[in-house]
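Enquirer: Below is the structure I would like to discuss, written out as structure tokens.
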Amino acid sequence: MKLEQFNGADRREAIELLRPCIDVPRWCDELADGRPYASVAALLAEAERAASPFTAEEVERALGHHPRIGERAAGASREATLSRSEQAGVDPADAELAERLAAGNLAYEERFGRVFLIRAAGRSAAEILAALTERLGHDEAEEDEIVAAQLREIALLRLGGAVTA
């Protein structure tokens, strides 16, 4: 959608465009209510401000929409389509890699009680696996900060693709 269309859309339509970026109602509301934006850069700056920080509850809600790394999101929703595209660097046909990611995901979920989240777009499978391995050594506080930062990166990346000049 062009910025001009986003600025002129009704509030409901604007929120529907924002929700697949990250399903955090406060963030979507603030961005929809902050219109009009003079530029995409201004929209992205406001999006980053509104996402800094996400609350623990917002992070938990948003994580519910993210599949495990290495697992393809099902369905035809915009969110599922974005997720599949973002994980394009993870080849599901690589059985060894899939096994290592599955084991890492399980270890992460046992350690932190949530799905491992990383901005996968632009990262290779090897980079993702290395980050997963490294992050297993973090404590809860460190990991909470990283997860929130990764969610911000994902939201901004998706928003930058959804609204153009």
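Following the order of the structure tokens, chains are lettered A, B, ..., residues in each are numbered from 1, and ligands are numbered from 1.
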Would you list the contacts of A:Phe6 as a VMD selection string, taking every protein, DNA or RNA residue within 10 Å and counting only C-alpha atoms, but skipping same-chain residues closer than 2 positions in sequence?
Expert: chain A and resid 1 to 4 8 to 11 13 to 15 17 to 18 32 35 to 37 162 to 164
Enquirer: Those residues you just picked out, can you put them in a file as a CSV table (one decimal), in the first residue's frame with N, CA, C and O atoms?
Expert:
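Just written: part_17.csv:
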chain,number,residue,atom,x,y,z
A,1,MET,N,0.9,-1.2,0.0
A,1,MET,CA,0.0,0.0,0.0
A,1,MET,C,0.9,1.2,0.0
A,1,MET,O,1.9,1.3,0.7
A,2,LYS,N,0.5,2.2,-0.8
A,2,LYS,CA,1.3,3.5,-0.8
A,2,LYS,C,1.0,4.3,0.5
A,2,LYS,O,-0.1,4.2,1.1
A,3,LEU,N,2.0,5.0,0.9
A,3,LEU,CA,1.8,5.9,2.1
A,3,LEU,C,0.6,6.7,2.0
A,3,LEU,O,-0.2,6.8,3.0
A,4,GLU,N,0.3,7.3,0.9
A,4,GLU,CA,-0.9,8.2,0.7
A,4,GLU,C,-2.2,7.4,1.0
A,4,GLU,O,-3.1,7.9,1.7
A,8,GLY,N,-4.8,7.8,4.2
A,8,GLY,CA,-6.2,8.1,3.9
A,8,GLY,C,-7.2,7.0,4.3
A,8,GLY,O,-8.4,7.2,4.2
A,9,ALA,N,-6.6,5.8,4.6
A,9,ALA,CA,-7.5,4.7,4.9
A,9,ALA,C,-8.3,4.9,6.2
A,9,ALA,O,-7.9,5.7,7.1
A,10,ASP,N,-9.5,4.2,6.3
A,10,ASP,CA,-10.2,4.3,7.6
A,10,ASP,C,-9.4,3.6,8.6
A,10,ASP,O,-8.5,2.8,8.3
A,11,ARG,N,-9.6,3.9,9.9
A,11,ARG,CA,-8.8,3.3,11.0
A,11,ARG,C,-8.8,1.8,11.0
A,11,ARG,O,-7.8,1.2,11.2
A,13,GLU,N,-9.1,-0.3,8.5
A,13,GLU,CA,-8.3,-0.8,7.4
A,13,GLU,C,-6.8,-0.6,7.7
A,13,GLU,O,-6.0,-1.4,7.4
A,14,ALA,N,-6.5,0.5,8.3
A,14,ALA,CA,-5.1,0.8,8.7
A,14,ALA,C,-4.6,-0.2,9.7
A,14,ALA,O,-3.5,-0.8,9.6
A,15,ILE,N,-5.4,-0.5,10.7
A,15,ILE,CA,-5.1,-1.5,11.7
A,15,ILE,C,-5.0,-2.9,11.1
A,15,ILE,O,-4.0,-3.7,11.4
A,17,LEU,N,-3.9,-3.6,8.1
A,17,LEU,CA,-2.6,-3.6,7.4
A,17,LEU,C,-1.5,-3.7,8.4
A,17,LEU,O,-0.5,-4.4,8.2
A,18,LEU,N,-1.6,-3.1,9.6
A,18,LEU,CA,-0.5,-3.2,10.6
A,18,LEU,C,-0.4,-4.5,11.4
A,18,LEU,O,0.7,-4.9,11.7
A,32,ALA,N,-1.9,3.8,13.7
A,32,ALA,CA,-3.1,4.2,13.0
A,32,ALA,C,-3.6,5.6,13.4
A,32,ALA,O,-4.0,6.4,12.6
A,35,ARG,N,-1.6,9.0,12.2
A,35,ARG,CA,-1.6,9.4,10.8
A,35,ARG,C,-2.1,10.8,10.7
A,35,ARG,O,-2.9,11.3,11.6
A,36,PRO,N,-1.7,11.6,9.7
A,36,PRO,CA,-0.9,11.2,8.5
A,36,PRO,C,0.6,11.3,8.8
A,36,PRO,O,1.0,12.1,9.7
A,37,TYR,N,1.3,10.5,8.1
A,37,TYR,CA,2.8,10.6,8.2
A,37,TYR,C,3.3,11.3,6.9
A,37,TYR,O,2.8,11.1,5.8
A,162,ALA,N,5.1,-3.3,3.8
A,162,ALA,CA,3.7,-3.1,3.6
A,162,ALA,C,3.3,-1.7,3.2
A,162,ALA,O,2.3,-1.5,2.5
A,163,VAL,N,4.1,-0.7,3.6
A,163,VAL,CA,3.7,0.7,3.2
A,163,VAL,C,5.0,1.3,2.5
A,163,VAL,O,6.1,1.3,3.0
A,164,THR,N,4.7,1.7,1.3
A,164,THR,CA,5.8,2.2,0.5
A,164,THR,C,5.5,3.7,0.0
A,164,THR,O,4.4,4.1,0.1
Enquirer: Take atom CA of A:Val90 and atom CA of A:Thr133 and report the distance between them in Å, one decimal.
Expert: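 Rounded to one decimal, the two atoms are 15.8 Å apart.
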Enquirer: How far is it from atom CA of A:Arg68 to atom CA of A:Asn105, in Å with one decimal?
Expert: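 It comes out at 7.0 Å.
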Enquirer: Would you give me, as a ChimeraX atom specification, the residues in chain A that DSSP reads as helix (DSSP H, G or I)?
Expert: /A:3-8,11-18,25-33,40-50,56-63,78-86,95-112,125-135,140-162
Enquirer: For atom CA of A:Ser124 and atom CA of A:Gln87, quote the distance in Å rounded to one decimal.
Expert: 8.8 Å
Enquirer: Pick the closest to A:Ala47 from A:Ala131, A:Ala149, A:Ala155, A:Ala62: which is it, counting only C-alpha atoms?
Expert: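 Going through A:Ala131, A:Ala149, A:Ala155, A:Ala62 one by one, the smallest distance to A:Ala47 is for A:Ala155.
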Enquirer: With distances taken over only C-alpha atoms, which residue among A:Glu127, A:Glu16, A:Asp91, A:Asp33 lies nearest A:Glu46?
Expert: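 Counting only C-alpha atoms, the residue closest to A:Glu46 is A:Asp33.
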Enquirer: Could you tell me which of A:Ala93, A:Leu82, A:Ala56, A:Ala107 comes closest to A:Arg135 if we count only C-alpha atoms?
Expert: A:Ala107
Enquirer: So, counting only C-alpha atoms, which residue among A:Ala141, A:Ile128, A:Leu44, A:Ala38 is closest to A:Leu97?
Expert: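 Checking each of A:Ala141, A:Ile128, A:Leu44, A:Ala38 against A:Leu97, counting only C-alpha atoms, the winner is A:Ile128.
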Enquirer: Rank A:Ala165, A:Leu31, A:Ala98, A:Ala51 by their smallest atom-to-atom distance to A:Gln150, using only C-alpha atoms, and report the top residue only.
Expert: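 Result for the nearest residue to A:Gln150: A:Ala51.
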Enquirer: Of the candidates A:Leu101, A:Val59, A:Ala50, A:Ala42, which shows the shortest atom-to-atom distance to A:Ala130, using only C-alpha atoms?
Expert: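 Of A:Leu101, A:Val59, A:Ala50, A:Ala42, the one nearest A:Ala130, counting only C-alpha atoms, is A:Leu101.
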Enquirer: Within 12 Å of A:Ala102, counting only C-alpha atoms, which residues qualify if same-chain residues fewer than 4 places away don't, as a list in words?
Expert: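 What passes the distance filter is Pro67, Arg68, Ile69, Gly70, Glu71, Pro92, Ala95, Glu96, Leu97, Ala98, Leu106, Ala107, Tyr108, Glu109, Val115, Phe116, Leu129, Leu132 and Thr133 of chain A.
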Enquirer: Considering only C-alpha atoms, return as a list of chain:residue names whatever protein or nucleic-acid residues lie within 8 Å of A:Arg119, sequence-local ones (same chain, fewer than 3 positions apart) excluded.
Expert: A:Glu86, A:Arg123, A:Gln150, A:Leu151, A:Glu153, A:Ile154
